[in-house]
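This report concerns only the one structure given below.
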Amino acid sequence: METEAKVRKPRICIWRDLNMHHMSIIEKAETAEELKCVLAEFFYLQDIECNPRAAVLLELYFYTIQFCRDHGFTREQTSCFFSIVKELHQTCLETPLGNLESCYRYFTDLLMCHSARRPPFSIDLFNQEQVQQITDYVVNTYFRHFKLYKYVFTPQVRLDISISYEGLDEPDTLMEEQSPRDSEEGPSAVDEEETDAENVKVLETPTAPLKEYIRAQLSEELSQLRSSVQEKLQESADTFSAKLATLEEPSSKKPAKGKGKRK
């Protein structure tokens, strides 16, 4: 998924992050360890032992300076290319979504801004050969591992959901109600063992209160349903008895056959 957080306009970035004083100190660093210590001090990355992001960022800065040294870049060119890489990395982190294409376009715009003489919009700091070298290096290092940089520096979002039910006691309240109160003589060893077992059972089954609540509601519903069925059966029986009595009344009032009046 491609997205652009905002449109960045390329600007001349010479001496933006590394000024003349920084470059003079960097040139004095002869070994790799000395150079890493200098960069860590400049950009506050001393906590690499406990901060993986700082360690990755320090490696990115170190190899950028090393590339400039290997290709004989001047102080101005080194400072400019370092800021280009830093700007590229910041653009990568503007959004947690995929923005590879927009980052590459911004990188090429920045590079072209420093390879053509059009004051005050661009300067010819890098020649055509150096532009090709820089492009190959950034593509084969940063963009080849673009997703890894995105994964390391994108904050991980975690969602914690807490559900509460109306009429259901909170777990802490439930545990307090289930724990026996201390008597005047103090609880016995058996009572303590039973209490511990009950507490462990409650902790091991956090859904037990919910199950008990559902069971109680179901029992109440079944009891109401049973009462309703009994009432309907009784009404049907009463209605049937009334109809039967109505049918029997005329037959009982008829006179008996063969009987005359006495004179």
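Identifiers in the structure tokens: chain A, B, ... in order shown; residue index from 1 per chain; ligand index from 1 in order shown.
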Once you count only C-alpha atoms, what closest atom pair and distance in Å to one decimal does each residue of segment 82-166 of chain A within 9 Å of segment 13-33 of chain A have, with rows by chain and rising residue number, as a Markdown table?
```
| residue | atom | partner | partner_atom | distance |
| --- | --- | --- | --- | --- |
| A:Phe82 | CA | A:Asp17 | CA | 7.7 |
| A:Ser83 | CA | A:Asp17 | CA | 6.0 |
| A:Ile84 | CA | A:Cys13 | CA | 7.3 |
| A:Lys86 | CA | A:Asp17 | CA | 8.6 |
| A:Leu110 | CA | A:Cys13 | CA | 8.6 |
| A:His114 | CA | A:Cys13 | CA | 8.7 |
```
Using the selection just defined, write its residues with all heavy atoms as a compact mmCIF listing (two decimals), in the first residue's frame.
```
# COMPACT_ATOMS: atom_id res chain seq x y z
N PHE A 82 25.47 13.06 3.55
CA PHE A 82 25.00 12.61 4.86
C PHE A 82 23.60 13.15 5.13
O PHE A 82 22.72 12.42 5.60
CB PHE A 82 25.97 13.07 5.94
CG PHE A 82 25.62 12.60 7.32
CD1 PHE A 82 26.09 11.39 7.79
CD2 PHE A 82 24.80 13.36 8.14
CE1 PHE A 82 25.75 10.94 9.07
CE2 PHE A 82 24.46 12.93 9.40
CZ PHE A 82 24.94 11.71 9.87
N SER A 83 23.36 14.42 4.81
CA SER A 83 22.04 15.00 5.04
C SER A 83 21.00 14.40 4.10
O SER A 83 19.83 14.26 4.48
CB SER A 83 22.10 16.52 4.86
OG SER A 83 22.93 17.11 5.83
N ILE A 84 21.40 14.03 2.88
CA ILE A 84 20.46 13.39 1.96
C ILE A 84 19.98 12.05 2.53
O ILE A 84 18.79 11.74 2.51
CB ILE A 84 21.11 13.20 0.58
CG1 ILE A 84 21.27 14.55 -0.12
CG2 ILE A 84 20.28 12.26 -0.29
CD1 ILE A 84 22.00 14.47 -1.45
N LYS A 86 20.02 11.15 5.68
CA LYS A 86 19.24 11.43 6.89
C LYS A 86 17.82 11.89 6.53
O LYS A 86 16.83 11.49 7.16
CB LYS A 86 19.94 12.49 7.74
CG LYS A 86 19.40 12.65 9.15
CD LYS A 86 20.31 13.55 9.96
CE LYS A 86 19.82 13.69 11.38
NZ LYS A 86 18.56 14.43 11.48
N LEU A 110 16.28 15.19 -4.36
CA LEU A 110 17.37 15.76 -3.56
C LEU A 110 18.71 15.65 -4.28
O LEU A 110 19.52 16.59 -4.26
CB LEU A 110 17.45 15.04 -2.21
CG LEU A 110 16.51 15.49 -1.10
CD1 LEU A 110 16.67 14.59 0.11
CD2 LEU A 110 16.78 16.94 -0.72
N HIS A 114 21.40 18.78 -6.16
CA HIS A 114 22.82 19.03 -5.90
C HIS A 114 23.71 18.59 -7.05
O HIS A 114 24.92 18.36 -6.86
CB HIS A 114 23.24 18.29 -4.63
CG HIS A 114 22.52 18.75 -3.40
ND1 HIS A 114 21.31 18.24 -3.02
CD2 HIS A 114 22.86 19.69 -2.46
CE1 HIS A 114 20.92 18.82 -1.90
NE2 HIS A 114 21.83 19.71 -1.53
```
Seminar exercise, completed: Nearest to His145 of chain A, restricted to only C-alpha atoms and choosing among A:Arg158, A:His89, A:Arg118, A:Arg105, comes out as A:His89
For this session: Just the alpha helix (DSSP H) stuff from segment 6-160 of chain A, please, per backbone DSSP, written as a PyMOL selection string.
Result: chain A and resi 20-28+32-42+52-70+75-92+100-113+128-141+146-153
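Summary of the local environment: counting only C-alpha atoms, residues at most 12 Å from Ala54 of chain A, other than itself and those fewer than 4 positions away along its chain, are Lys36, Leu39, Ala40, Glu41, Phe43, Tyr44, Leu45, Gln46, Asp47, Ile48, Glu49, Cys50, Leu58, Glu59, Leu60, Tyr61, Tyr149, Val152 and Phe153 of chain A.
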Exercise. Expressed in Å to a single decimal, how great is the separation between atom CA of Cys103 of chain A and atom CA of Gly72 of chain A?
Worked result: 26.6 Å
Which residues are near Leu93 of chain A? Cut-off 12 Å, only C-alpha atoms, ignore same chain within fewer than 3 positions. Put them as a tab-separated table (two decimals) with N, CA and C atoms, in the first residue's frame.
```tsv
chain	number	residue	atom	x	y	z
A	3	THR	N	1.44	5.30	0.22
A	3	THR	CA	0.84	6.52	0.77
A	3	THR	C	1.91	7.57	0.93
A	4	GLU	N	1.49	8.81	0.91
A	4	GLU	CA	2.40	9.93	1.11
A	4	GLU	C	1.88	10.76	2.27
A	5	ALA	N	2.71	10.89	3.31
A	5	ALA	CA	2.29	11.69	4.45
A	5	ALA	C	2.17	13.16	4.07
A	6	LYS	N	3.16	13.68	3.36
A	6	LYS	CA	3.13	15.05	2.87
A	6	LYS	C	4.15	15.18	1.75
A	86	LYS	N	20.02	11.15	5.68
A	86	LYS	CA	19.24	11.43	6.89
A	86	LYS	C	17.82	11.89	6.53
A	87	GLU	N	17.71	12.75	5.51
A	87	GLU	CA	16.39	13.19	5.05
A	87	GLU	C	15.58	12.03	4.48
A	88	LEU	N	16.24	11.16	3.76
A	88	LEU	CA	15.57	9.99	3.20
A	88	LEU	C	15.01	9.11	4.31
A	89	HIS	N	15.78	8.91	5.35
A	89	HIS	CA	15.33	8.08	6.46
A	89	HIS	C	14.16	8.74	7.19
A	90	GLN	N	14.20	10.04	7.37
A	90	GLN	CA	13.09	10.73	8.02
A	90	GLN	C	11.81	10.63	7.18
A	96	PRO	N	3.54	4.89	8.92
A	96	PRO	CA	3.79	3.46	9.13
A	96	PRO	C	3.43	2.61	7.91
A	97	LEU	N	2.78	3.21	6.92
A	97	LEU	CA	2.39	2.48	5.72
A	97	LEU	C	3.51	2.51	4.68
A	98	GLY	N	3.33	1.74	3.62
A	98	GLY	CA	4.35	1.66	2.60
A	98	GLY	C	4.48	2.95	1.80
A	99	ASN	N	5.68	3.52	1.73
A	99	ASN	CA	5.93	4.74	0.97
A	99	ASN	C	7.25	4.64	0.22
A	100	LEU	N	7.52	3.47	-0.32
A	100	LEU	CA	8.80	3.24	-1.01
A	100	LEU	C	8.94	4.14	-2.23
A	102	SER	N	7.41	6.99	-3.04
A	102	SER	CA	7.53	8.41	-2.70
A	102	SER	C	8.90	8.73	-2.11
A	103	CYS	N	9.46	7.81	-1.32
A	103	CYS	CA	10.81	8.02	-0.77
A	103	CYS	C	11.86	8.04	-1.88
A	146	PHE	N	14.66	-1.61	2.76
A	146	PHE	CA	13.68	-0.58	3.13
A	146	PHE	C	12.67	-1.10	4.13
A	147	LYS	N	12.15	-2.32	3.90
A	147	LYS	CA	11.14	-2.87	4.80
A	147	LYS	C	11.71	-3.16	6.18
A	148	LEU	N	12.98	-3.51	6.24
A	148	LEU	CA	13.59	-3.74	7.56
A	148	LEU	C	13.70	-2.42	8.34
A	149	TYR	N	14.12	-1.36	7.67
A	149	TYR	CA	14.15	-0.05	8.35
A	149	TYR	C	12.75	0.35	8.79
A	150	LYS	N	11.77	0.12	7.93
A	150	LYS	CA	10.39	0.46	8.27
A	150	LYS	C	9.92	-0.34	9.49
A	151	TYR	N	10.28	-1.61	9.54
A	151	TYR	CA	9.85	-2.46	10.66
A	151	TYR	C	10.52	-2.04	11.96
A	152	VAL	N	11.81	-1.74	11.91
A	152	VAL	CA	12.56	-1.42	13.13
A	152	VAL	C	12.11	-0.10	13.73
A	153	PHE	N	11.86	0.90	12.88
A	153	PHE	CA	11.61	2.25	13.39
A	153	PHE	C	10.13	2.62	13.46
A	154	THR	N	9.24	1.73	13.03
A	154	THR	CA	7.81	2.03	13.14
A	154	THR	C	7.32	1.59	14.52
A	155	PRO	N	6.70	2.45	15.29
A	155	PRO	CA	6.18	2.06	16.62
A	155	PRO	C	5.13	0.97	16.49
```
Problem set entry | Between atom CA of Cys68 of chain A and atom CA of Pro52 of chain A - distance in Å to one decimal |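 Interatomic distance here is 24.9 Å.
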For this session: Between atom CA of Gln224 of chain A and atom CA of Lys211 of chain A, measure the distance and give it in Å to one decimal.
Result: 20.1 Å
Exercise. Which one is closest to Gln77 of chain A: A:Leu222, A:Val38, A:Ile134, A:Val139? Count only C-alpha atoms.
Worked result: A:Ile134
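Take the candidates A:Asp238, A:Asp160, A:Glu76, A:Asp70 and check each one against Ile123 of chain A using only C-alpha atoms; the shortest distance goes to A:Glu76.
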